[in-house]
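Undergrad: The following file, target02.txt, comprises compact mmCIF, C-alpha atoms:
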```txt
# COMPACT_ATOMS: atom_id res chain seq x y z
CA MET A 1 25.24 -51.09 11.41
CA PRO A 2 21.57 -51.30 12.49
CA HIS A 3 19.22 -49.29 10.32
CA SER A 4 17.85 -47.41 13.33
CA ASN A 5 21.30 -45.95 14.06
CA ARG A 6 21.94 -44.53 10.60
CA THR A 7 22.05 -40.81 9.91
CA ILE A 8 20.01 -39.98 6.84
CA THR A 9 20.11 -36.49 5.34
CA LEU A 10 17.93 -35.13 2.55
CA ASP A 11 19.38 -31.90 1.19
CA THR A 12 18.08 -30.46 -2.08
CA PRO A 13 18.07 -26.81 -3.19
CA LEU A 14 14.54 -25.52 -3.72
CA LEU A 15 14.11 -22.96 -6.47
CA VAL A 16 10.76 -21.20 -6.56
CA GLN A 17 9.90 -18.93 -9.47
CA PHE A 18 8.50 -15.56 -8.42
CA ARG A 19 7.05 -12.77 -10.53
CA HIS A 20 7.12 -9.18 -9.32
CA ARG A 21 4.95 -6.91 -11.47
CA VAL A 22 5.06 -3.13 -11.00
CA THR A 23 3.17 -0.60 -13.14
CA PHE A 24 3.14 3.20 -13.07
CA THR A 25 -0.03 4.77 -14.45
CA ARG A 26 -2.51 7.60 -13.94
CA GLY A 27 -6.18 7.22 -13.04
CA VAL A 28 -6.06 3.55 -12.11
CA PHE A 29 -9.80 3.51 -11.25
CA SER A 30 -10.90 5.21 -14.45
CA VAL A 31 -13.08 2.71 -16.33
CA THR A 32 -10.99 3.33 -19.45
CA ASN A 33 -7.70 2.38 -17.72
CA PRO A 34 -6.96 -1.33 -18.35
CA THR A 35 -4.15 -1.72 -15.78
CA LEU A 36 -6.12 -3.14 -12.85
CA ARG A 37 -8.34 -5.15 -15.17
CA SER A 38 -5.29 -6.90 -16.66
CA VAL A 39 -4.07 -7.77 -13.17
CA LEU A 40 -7.40 -9.17 -12.01
CA ASP A 41 -7.96 -11.04 -15.28
CA SER A 42 -4.71 -12.99 -14.88
CA PRO A 43 -5.42 -16.73 -15.14
CA THR A 44 -5.62 -18.96 -12.11
CA ARG A 45 -3.09 -21.72 -11.64
CA GLY A 46 -4.00 -25.21 -12.66
CA THR A 47 -5.81 -26.68 -15.64
CA THR A 48 -9.31 -27.21 -14.27
CA THR A 49 -12.16 -26.30 -16.60
CA GLU A 50 -14.60 -25.90 -13.73
CA PRO A 51 -16.02 -22.38 -13.31
CA THR A 52 -14.27 -20.43 -10.58
CA THR A 53 -15.70 -17.93 -8.14
CA ARG A 54 -13.16 -15.30 -7.27
CA ARG A 55 -13.63 -12.35 -4.96
CA MET A 56 -11.80 -9.24 -3.93
CA VAL A 57 -11.82 -7.13 -0.78
CA ALA A 58 -10.21 -3.69 -0.60
CA PHE A 59 -8.69 -1.83 2.33
CA VAL A 60 -8.18 1.93 1.99
CA ASP A 61 -5.93 4.18 4.05
CA SER A 62 -8.24 6.55 5.95
CA ASN A 63 -5.99 9.51 5.04
CA VAL A 64 -6.35 8.71 1.34
CA LEU A 65 -10.10 8.36 1.71
CA GLY A 66 -10.30 11.74 3.38
CA ALA A 67 -8.43 13.33 0.46
CA HIS A 68 -10.42 11.44 -2.19
CA PRO A 69 -14.05 11.20 -1.00
CA SER A 70 -15.19 9.83 -4.38
CA LEU A 71 -12.67 6.94 -4.26
CA LEU A 72 -15.04 4.29 -2.92
CA GLY A 73 -17.56 5.05 -5.63
CA ASP A 74 -14.82 5.05 -8.28
CA ILE A 75 -13.67 1.59 -7.23
CA GLN A 76 -17.20 0.22 -7.19
CA LYS A 77 -17.93 1.72 -10.61
CA TYR A 78 -14.71 0.27 -12.03
CA MET A 79 -15.41 -3.22 -10.75
CA ALA A 80 -19.06 -3.10 -11.86
CA SER A 81 -17.98 -2.02 -15.32
CA ALA A 82 -15.44 -4.81 -15.57
CA THR A 83 -17.94 -7.49 -14.58
CA GLY A 84 -20.79 -6.12 -16.67
CA LYS A 85 -22.93 -5.30 -13.62
CA SER A 86 -23.09 -1.64 -14.53
CA GLY A 87 -25.37 -2.36 -17.46
CA THR A 88 -22.56 -2.31 -20.00
CA SER A 89 -21.17 -5.34 -21.75
CA PRO A 90 -18.77 -7.30 -19.52
CA THR A 91 -15.15 -6.82 -20.41
CA SER A 92 -13.88 -10.03 -18.87
CA ASP A 93 -14.96 -13.60 -18.37
CA THR A 94 -16.89 -15.05 -15.45
CA SER A 95 -13.69 -15.61 -13.48
CA PHE A 96 -13.28 -11.85 -12.97
CA PRO A 97 -13.46 -11.29 -9.21
CA GLU A 98 -16.47 -9.83 -7.46
CA LEU A 99 -15.82 -6.92 -5.11
CA THR A 100 -17.40 -7.86 -1.80
CA LEU A 101 -16.02 -5.25 0.62
CA ILE A 102 -14.30 -1.88 0.73
CA GLU A 103 -13.20 -0.82 4.19
CA ALA A 104 -11.14 2.04 5.63
CA VAL A 105 -8.22 1.34 7.97
CA PRO A 106 -6.20 3.79 10.06
CA GLY A 107 -3.56 5.62 8.06
CA GLY A 108 0.02 6.41 8.99
CA GLU A 109 2.22 4.65 11.51
CA GLN A 110 -0.83 3.94 13.68
CA ALA A 111 -1.62 1.07 11.30
CA LYS A 112 1.57 -0.69 12.40
CA GLN A 113 1.43 -0.09 16.14
CA SER A 114 -0.66 -3.18 16.97
CA MET A 115 -2.15 -6.31 15.44
CA SER A 116 -5.51 -4.57 14.96
CA VAL A 117 -5.31 -4.06 11.18
CA VAL A 118 -3.67 -7.44 10.67
CA ASP A 119 -6.40 -9.21 12.64
CA ARG A 120 -9.10 -7.38 10.70
CA VAL A 121 -7.61 -8.43 7.36
CA VAL A 122 -7.45 -12.08 8.44
CA ARG A 123 -11.07 -12.03 9.64
CA VAL A 124 -12.27 -10.39 6.41
CA VAL A 125 -10.43 -12.99 4.33
CA ASP A 126 -12.27 -15.66 6.29
CA GLU A 127 -15.70 -14.02 6.31
CA HIS A 128 -15.68 -13.10 2.61
CA GLY A 129 -14.34 -16.36 1.25
CA ILE A 130 -11.09 -14.92 -0.09
CA ASP A 131 -9.25 -18.03 -1.23
CA ARG A 132 -5.77 -18.27 -2.71
CA GLN A 133 -7.09 -17.43 -6.19
CA SER A 134 -8.88 -14.31 -4.89
CA PHE A 135 -7.51 -10.89 -3.98
CA VAL A 136 -6.86 -8.43 -1.20
CA MET A 137 -6.25 -4.92 -2.52
CA VAL A 138 -4.64 -2.27 -0.31
CA ILE A 139 -4.62 1.42 -1.20
CA GLY A 140 -2.49 3.71 0.93
CA GLY A 141 0.86 4.76 2.30
CA GLY A 142 3.72 2.50 3.26
CA ALA A 143 2.54 1.73 6.80
CA VAL A 144 -0.89 0.61 5.58
CA LEU A 145 0.70 -1.46 2.81
CA ASP A 146 2.86 -3.18 5.43
CA ALA A 147 0.06 -3.95 7.88
CA VAL A 148 -2.56 -5.09 5.36
CA GLY A 149 0.12 -7.01 3.46
CA PHE A 150 1.10 -8.88 6.60
CA GLY A 151 -2.51 -9.91 7.20
CA ALA A 152 -2.85 -11.08 3.60
CA SER A 153 0.39 -13.05 3.87
CA ILE A 154 -0.72 -15.11 6.87
CA ALA A 155 -4.37 -15.74 5.95
CA HIS A 156 -4.46 -19.11 4.13
CA ARG A 157 -0.64 -18.81 4.39
CA GLY A 158 -0.87 -16.14 1.71
CA VAL A 159 -3.56 -14.74 -0.58
CA ARG A 160 -3.01 -12.57 -3.62
CA LEU A 161 -2.16 -9.00 -2.65
CA ILE A 162 -2.50 -5.98 -4.93
CA ARG A 163 -0.73 -2.89 -3.66
CA VAL A 164 -1.78 0.59 -4.75
CA PRO A 165 0.79 2.86 -3.05
CA THR A 166 -0.36 6.47 -2.72
CA THR A 167 2.59 8.40 -1.21
CA THR A 168 5.95 9.42 -2.60
CA LEU A 169 7.77 7.12 -0.21
CA ALA A 170 5.48 4.18 -0.93
CA GLN A 171 5.86 4.62 -4.69
CA ASP A 172 9.61 5.20 -4.83
CA ASP A 173 10.59 2.60 -2.23
CA ALA A 174 8.21 0.79 0.16
CA GLY A 175 5.78 -0.46 -2.46
CA MET A 176 8.62 -2.25 -4.29
CA ALA A 177 9.59 -4.31 -1.25
CA VAL A 178 8.68 -7.96 -0.66
CA LYS A 179 8.31 -7.52 3.08
CA ASN A 180 5.27 -6.83 5.24
CA GLY A 181 5.07 -6.17 8.94
CA ILE A 182 4.21 -4.21 12.03
CA ASN A 183 6.20 -2.77 14.92
CA LEU A 184 6.77 -4.22 18.35
CA GLY A 185 6.86 -1.26 20.69
CA SER A 186 9.76 0.90 19.48
CA LYS A 187 11.21 -1.84 17.26
CA LYS A 188 10.39 -1.18 13.61
CA ASN A 189 9.01 -4.07 11.54
CA PHE A 190 9.83 -6.62 14.25
CA ILE A 191 6.85 -8.80 13.34
CA GLY A 192 6.30 -9.63 9.69
CA SER A 193 6.82 -11.79 6.64
CA PHE A 194 8.36 -11.85 3.18
CA THR A 195 5.82 -12.30 0.38
CA LEU A 196 5.83 -10.98 -3.16
CA PRO A 197 2.69 -9.02 -4.02
CA HIS A 198 0.60 -10.23 -6.94
CA ALA A 199 0.97 -6.75 -8.45
CA VAL A 200 1.93 -3.19 -7.55
CA ILE A 201 0.11 -0.33 -9.28
CA CYS A 202 1.46 3.17 -8.69
CA ASP A 203 -1.06 5.85 -9.63
CA THR A 204 0.80 9.17 -9.72
CA ASN A 205 -2.49 11.08 -9.41
CA PHE A 206 -2.61 10.14 -5.73
CA LEU A 207 0.63 12.02 -5.05
CA GLN A 208 -0.96 15.39 -5.73
CA SER A 209 -3.17 15.15 -2.64
CA THR A 210 -0.49 14.19 -0.10
CA PRO A 211 0.49 16.79 2.51
CA ASP A 212 3.76 18.65 1.97
CA TRP A 213 5.64 16.78 4.71
CA SER A 214 4.71 13.45 3.14
CA TRP A 215 5.55 14.63 -0.37
CA CYS A 216 9.03 15.76 0.66
CA GLY A 217 9.64 12.82 3.01
CA GLY A 218 9.56 10.26 0.25
CA PHE A 219 12.46 11.86 -1.58
CA SER A 220 14.82 10.91 1.24
CA GLU A 221 14.68 7.37 -0.13
CA ALA A 222 15.41 8.64 -3.64
CA VAL A 223 18.47 10.49 -2.33
CA LYS A 224 19.56 7.37 -0.46
CA ILE A 225 19.35 5.04 -3.47
CA ALA A 226 21.05 7.64 -5.68
CA LEU A 227 23.96 7.88 -3.24
CA LEU A 228 24.33 4.11 -3.30
CA ARG A 229 23.62 3.22 -6.91
CA ASP A 230 23.21 6.10 -9.34
CA PRO A 231 25.33 9.29 -9.26
CA GLU A 232 23.42 10.62 -12.29
CA LEU A 233 20.16 10.36 -10.37
CA PHE A 234 21.76 12.30 -7.52
CA ASN A 235 22.85 14.98 -9.98
CA ARG A 236 19.30 15.20 -11.27
CA ILE A 237 17.84 15.52 -7.77
CA GLU A 238 20.46 18.16 -6.96
CA ARG A 239 19.55 20.12 -10.10
CA ASP A 240 15.78 19.87 -9.62
CA ALA A 241 15.52 19.90 -5.80
CA ALA A 242 13.86 23.31 -5.61
CA ALA A 243 11.29 22.36 -8.26
CA ILE A 244 10.63 19.04 -6.52
CA ALA A 245 10.08 20.83 -3.20
CA ARG A 246 7.57 23.09 -5.00
CA ARG A 247 5.78 19.88 -6.05
CA SER A 248 6.49 20.04 -9.76
CA MET A 249 5.29 16.71 -11.12
CA ASP A 250 7.48 17.19 -14.21
CA ALA A 251 10.56 17.36 -11.98
CA ALA A 252 9.44 14.76 -9.45
CA THR A 253 7.97 11.94 -11.54
CA PRO A 254 11.19 10.83 -13.28
CA VAL A 255 12.97 10.78 -9.91
CA ILE A 256 10.21 8.72 -8.28
CA ILE A 257 10.14 6.20 -11.11
CA ARG A 258 13.95 5.87 -11.28
CA SER A 259 14.14 5.40 -7.50
CA ALA A 260 11.43 2.74 -7.69
CA GLU A 261 13.30 1.00 -10.50
CA LEU A 262 16.56 0.94 -8.56
CA HIS A 263 14.86 -0.49 -5.46
CA TYR A 264 13.03 -3.01 -7.65
CA ARG A 265 16.23 -4.08 -9.44
CA HIS A 266 17.99 -4.63 -6.14
CA ILE A 267 15.17 -6.85 -4.91
CA MET A 268 15.01 -8.84 -8.13
CA SER A 269 18.74 -9.20 -8.80
CA GLY A 270 20.53 -8.23 -5.60
CA GLY A 271 20.75 -11.82 -4.43
CA ASP A 272 19.17 -11.44 -0.98
CA PRO A 273 15.49 -10.42 -1.29
CA PHE A 274 14.52 -12.14 1.97
CA GLU A 275 17.40 -10.66 4.01
CA THR A 276 19.15 -13.88 4.97
CA ASN A 277 22.57 -12.19 5.04
CA SER A 278 23.92 -9.96 7.81
CA ALA A 279 23.92 -6.84 5.64
CA ARG A 280 21.21 -4.77 4.00
CA PRO A 281 22.93 -2.75 1.26
CA LEU A 282 20.02 -0.37 0.76
CA ASP A 283 19.63 0.53 4.42
CA PHE A 284 22.06 3.41 4.33
CA GLY A 285 20.93 5.81 7.06
CA HIS A 286 18.26 3.43 8.31
CA TRP A 287 19.85 2.19 11.52
CA LEU A 288 19.60 5.73 12.90
CA ALA A 289 16.25 6.42 11.25
CA HIS A 290 14.65 3.43 12.93
CA ARG A 291 16.16 4.41 16.27
CA LEU A 292 14.78 7.96 16.04
CA GLU A 293 11.34 6.70 15.05
CA GLY A 294 11.31 4.47 18.12
CA MET A 295 12.58 7.20 20.42
CA THR A 296 9.83 9.56 19.22
CA ASN A 297 7.13 6.86 19.44
CA GLY A 298 6.45 7.25 15.74
CA ALA A 299 5.98 11.03 15.86
CA LEU A 300 8.91 11.50 13.48
CA PRO A 301 7.76 10.29 10.05
CA HIS A 302 9.85 7.63 8.35
CA GLY A 303 10.89 9.81 5.41
CA GLN A 304 12.13 12.59 7.67
CA ALA A 305 13.89 10.06 9.91
CA VAL A 306 15.65 8.58 6.87
CA ALA A 307 16.76 12.07 5.81
CA ILE A 308 18.38 12.60 9.20
CA GLY A 309 19.93 9.13 9.08
CA VAL A 310 21.35 9.76 5.61
CA ALA A 311 22.72 13.12 6.74
CA ILE A 312 24.45 11.72 9.82
CA ASP A 313 25.88 8.66 8.04
CA THR A 314 27.15 10.93 5.27
CA LEU A 315 28.83 13.26 7.74
CA TYR A 316 30.17 10.26 9.66
CA SER A 317 31.73 9.08 6.39
CA GLU A 318 33.37 12.51 6.10
CA CYS A 319 34.55 12.57 9.72
CA ALA A 320 35.95 9.05 9.39
CA GLY A 321 38.06 10.13 6.42
CA LEU A 322 36.13 8.03 3.93
CA MET A 323 34.29 10.73 1.96
CA PRO A 324 35.59 14.08 0.68
CA THR A 325 34.12 17.06 2.55
CA GLN A 326 32.88 18.72 -0.63
CA GLU A 327 30.80 15.68 -1.64
CA ALA A 328 29.40 15.21 1.86
CA ARG A 329 28.26 18.82 1.99
CA ARG A 330 26.54 18.44 -1.40
CA VAL A 331 24.39 15.71 0.16
CA ILE A 332 23.43 17.92 3.10
CA ALA A 333 22.59 20.80 0.76
CA VAL A 334 20.32 18.59 -1.36
CA LEU A 335 18.42 17.31 1.67
CA ARG A 336 17.86 20.87 2.85
CA ALA A 337 16.78 21.98 -0.63
CA LEU A 338 14.14 19.23 -0.51
CA ASP A 339 12.82 20.70 2.78
CA LEU A 340 14.06 17.67 4.69
CA PRO A 341 15.61 17.76 8.19
CA VAL A 342 19.23 16.84 8.80
CA THR A 343 19.21 16.92 12.60
CA HIS A 344 16.95 16.33 15.62
CA PRO A 345 17.11 17.29 19.33
CA LEU A 346 17.30 13.61 20.35
CA LEU A 347 20.68 13.32 18.64
CA ALA A 348 22.06 15.02 21.76
CA SER A 349 21.43 11.72 23.59
CA LEU A 350 24.44 9.95 22.10
CA ASP A 351 24.14 6.86 24.32
CA GLY A 352 20.51 6.43 23.32
CA ILE A 353 21.41 6.80 19.65
CA VAL A 354 24.29 4.30 19.81
CA ALA A 355 21.91 1.74 21.35
CA GLY A 356 20.22 1.64 17.95
CA LEU A 357 23.26 -0.17 16.55
CA THR A 358 22.55 -3.14 18.81
CA GLU A 359 18.93 -3.31 17.64
CA PHE A 360 20.06 -3.09 14.02
CA ARG A 361 22.55 -5.95 14.43
CA GLU A 362 20.05 -8.11 16.32
CA HIS A 363 17.47 -7.65 13.57
CA LEU A 364 19.70 -9.30 10.99
CA GLY A 365 21.99 -11.35 13.18
CA GLY A 366 25.66 -11.95 12.53
CA ARG A 367 28.24 -9.23 12.44
CA LEU A 368 27.19 -5.57 12.59
CA THR A 369 27.30 -4.22 9.04
CA ILE A 370 26.69 -0.54 8.31
CA THR A 371 26.87 0.99 4.85
CA LEU A 372 28.79 4.27 4.55
CA LEU A 373 30.11 6.27 1.59
CA ARG A 374 33.49 6.81 -0.02
CA GLY A 375 31.76 9.15 -2.44
CA ILE A 376 28.50 9.68 -4.27
CA GLY A 377 27.68 6.32 -5.85
CA ASP A 378 30.52 4.58 -3.98
CA PRO A 379 29.22 2.71 -0.89
CA VAL A 380 31.40 0.78 1.54
CA ASP A 381 30.47 -1.55 4.40
CA VAL A 382 31.98 -1.11 7.85
CA HIS A 383 31.55 -3.26 10.94
CA SER A 384 31.78 -0.75 13.75
CA ILE A 385 30.73 2.82 14.52
CA ASP A 386 33.00 4.93 16.72
CA PRO A 387 30.89 6.94 19.20
CA ALA A 388 33.34 9.86 19.21
CA THR A 389 33.28 10.11 15.42
CA LEU A 390 29.49 9.82 15.48
CA GLY A 391 29.36 12.68 17.99
CA ALA A 392 31.54 14.77 15.68
CA ALA A 393 29.19 14.09 12.76
CA ILE A 394 26.17 15.08 14.86
CA ALA A 395 27.93 18.27 15.94
CA LEU A 396 28.41 19.26 12.31
CA THR A 397 24.65 19.37 11.76
CA SER A 398 24.16 21.60 14.78
CA ARG A 399 26.79 23.98 13.34
CA GLY A 400 24.94 24.14 10.03
CA ALA A 401 27.08 21.78 7.95
```
Can the structure in the file be given as structure tokens, please?
TA:
Amino acid sequence: MPHSNRTITLDTPLLVQFRHRVTFTRGVFSVTNPTLRSVLDSPTRGTTTEPTTRRMVAFVDSNVLGAHPSLLGDIQKYMASATGKSGTSPTSDTSFPELTLIEAVPGGEQAKQSMSVVDRVVRVVDEHGIDRQSFVMVIGGGAVLDAVGFGASIAHRGVRLIRVPTTTLAQDDAGMAVKNGINLGSKKNFIGSFTLPHAVICDTNFLQSTPDWSWCGGFSEAVKIALLRDPELFNRIERDAAAIARRSMDAATPVIIRSAELHYRHIMSGGDPFETNSARPLDFGHWLAHRLEGMTNGALPHGQAVAIGVAIDTLYSECAGLMPTQEARRVIAVLRALDLPVTHPLLASLDGIVAGLTEFREHLGGRLTITLLRGIGDPVDVHSIDPATLGAAIALTSRGA
């Protein structure tokens, strides 16, 4: 057989070691807090003894900056202290990065509605000499983390990203993820990438300045993960829901951290961090949430949309005979106690809602897979949604289920 006609196949599994580092702290930019310093002091790869010049640029959610007007000065003071430029003795070696830019970016879903933030990040990486041993830091809510993270992931095919999530939802869920992205019209996260951040630092002090709707919205993800993975967490949320809604940090902080841990553990040991399968086990309620966000052009915040999605999928589980009525109604009561919505006027457009199932399947490919519940802490995957049963579930919310 002539050599030119042979079929030659090279097929070798490629295992790449990743490290996902998440820290909860308070006062991350206090000069006495070593958390950020330990992240930035981490050694560069390779064995070269040549001196290295590392830099850092920071992007700050404009909403966070408005609530914390001293933040820019705090960051500058922290970095100056760490490098010895404040007049004190340097606390790290000469490889500690130099802060060359702090810049505000639009907060909220606006950050993900176009390539504007992404393009800006890429240009700043170029203009400020941010190489693959340097850093992009992003401080803000989940949408800003996604957009800035996407820019950092495509500049130089990936530079080191430090996330500082500042909202409940970003700290108990979004900040743990390995995905970045922006929307395409009404399609959530259609454009994006999977890249592990260099580090995630959750400063619980930031949570105290978030508006009430944002504070409550993040707990929809905690309810979701509890329903899927941890009945004891659900019991805790149920017990402390009123205190959480009143913004008690003592009640809220353990829930936020446990939710973050459960999301983190799924990513690190769930077997499908880059979503190559046709199911997303932690997206309970999300097919509908994403559809409602698109139908409202982003006016419905993600946390509130997830609450509605969780409510409807829970009641669908009841109507389909999967979940006992008493347990389903406990879920609805908890969402309401957290000041979260369980219905929306657009649910009356059943055809428009059902169209979201097609978008959800197309996003992952393969067979439609939707997670429902047999009980609290007992998820089950199904491969079809019956419109009549869905309509019955929606009707329950309008009757005050």
Undergrad: So that I can check the surroundings of Leu228 in chain A, please list as a list of chain:residue names every protein, DNA and RNA residue that reaches within 7 Å of it, counting all atoms listed in the file and ignoring chain neighbours fewer than 6 positions away.
TA: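 Once the adjacent positions are removed, what remains is A:Gly377, A:Asp378, A:Pro379.
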Undergrad: Have a look at CA of Val223 in chain A and CA of Arg330 in chain A and let me know their distance in Å, one decimal.
TA: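 Spanning CA of Val223 in chain A to CA of Arg330 in chain A is a straight-line distance of 11.4 Å.
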Undergrad: Restricting the calculation to all atoms listed in the file: of A:Leu390, A:Val331, A:Ile256, A:Ala337, which residue gets closest to Phe219 in chain A?
TA: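 Looking only at the distances to Phe219 in chain A, the closest residue turns out to be A:Ile256.
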Undergrad: Need the shell around Ile162 in chain A: protein/DNA/RNA residues with any atom at most 6 Å away, counting all atoms listed in the file. Skip same-chain ones fewer than 3 positions apart. Format as a list of chain:residue names?
TA: A:Met137, A:His198, A:Ala199, A:Val200
Undergrad: For the residues in that selection, give me C-alpha atoms as a compact mmCIF listing (two decimals), keeping the file's coordinate frame.
TA:
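part-v3.txt was written with the following content:
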```txt
# COMPACT_ATOMS: atom_id res chain seq x y z
CA MET A 137 -6.25 -4.92 -2.52
CA HIS A 198 0.60 -10.23 -6.94
CA ALA A 199 0.97 -6.75 -8.45
CA VAL A 200 1.93 -3.19 -7.55
```
Undergrad: Measuring between only C-alpha atoms, which one of A:Leu14, A:Ala311, A:Ala174, A:Met115 shows the shortest distance to Phe150 in chain A?
TA: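 Of all the options, A:Met115 lies closest to Phe150 in chain A.
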Undergrad: Within 9 Å of Cys216 in chain A, counting all atoms listed in the file, which residues show up once you throw out same-chain ones fewer than 3 positions away? Write them as a JSON list (two decimals) with C-alpha atoms, in the frame of the given file, please.
TA:
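Wrote it out as part.json, contents follow:
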```json
[["chain", "number", "residue", "atom", "x", "y", "z"],
["A", 168, "THR", "CA", 5.95, 9.42, -2.60],
["A", 169, "LEU", "CA", 7.77, 7.12, -0.21],
["A", 211, "PRO", "CA", 0.49, 16.79, 2.51],
["A", 212, "ASP", "CA", 3.76, 18.65, 1.97],
["A", 213, "TRP", "CA", 5.64, 16.78, 4.71],
["A", 219, "PHE", "CA", 12.46, 11.86, -1.58],
["A", 220, "SER", "CA", 14.82, 10.91, 1.24],
["A", 244, "ILE", "CA", 10.63, 19.04, -6.52],
["A", 245, "ALA", "CA", 10.08, 20.83, -3.20],
["A", 247, "ARG", "CA", 5.78, 19.88, -6.05],
["A", 303, "GLY", "CA", 10.89, 9.81, 5.41],
["A", 304, "GLN", "CA", 12.13, 12.59, 7.67],
["A", 338, "LEU", "CA", 14.14, 19.23, -0.51],
["A", 339, "ASP", "CA", 12.82, 20.70, 2.78],
["A", 340, "LEU", "CA", 14.06, 17.67, 4.69]]
```
Undergrad: For Val164 in chain A, which of A:Val138, A:Leu71, A:Val178, A:Ala252 is the closest residue, counting only C-alpha atoms?
TA: A:Val138
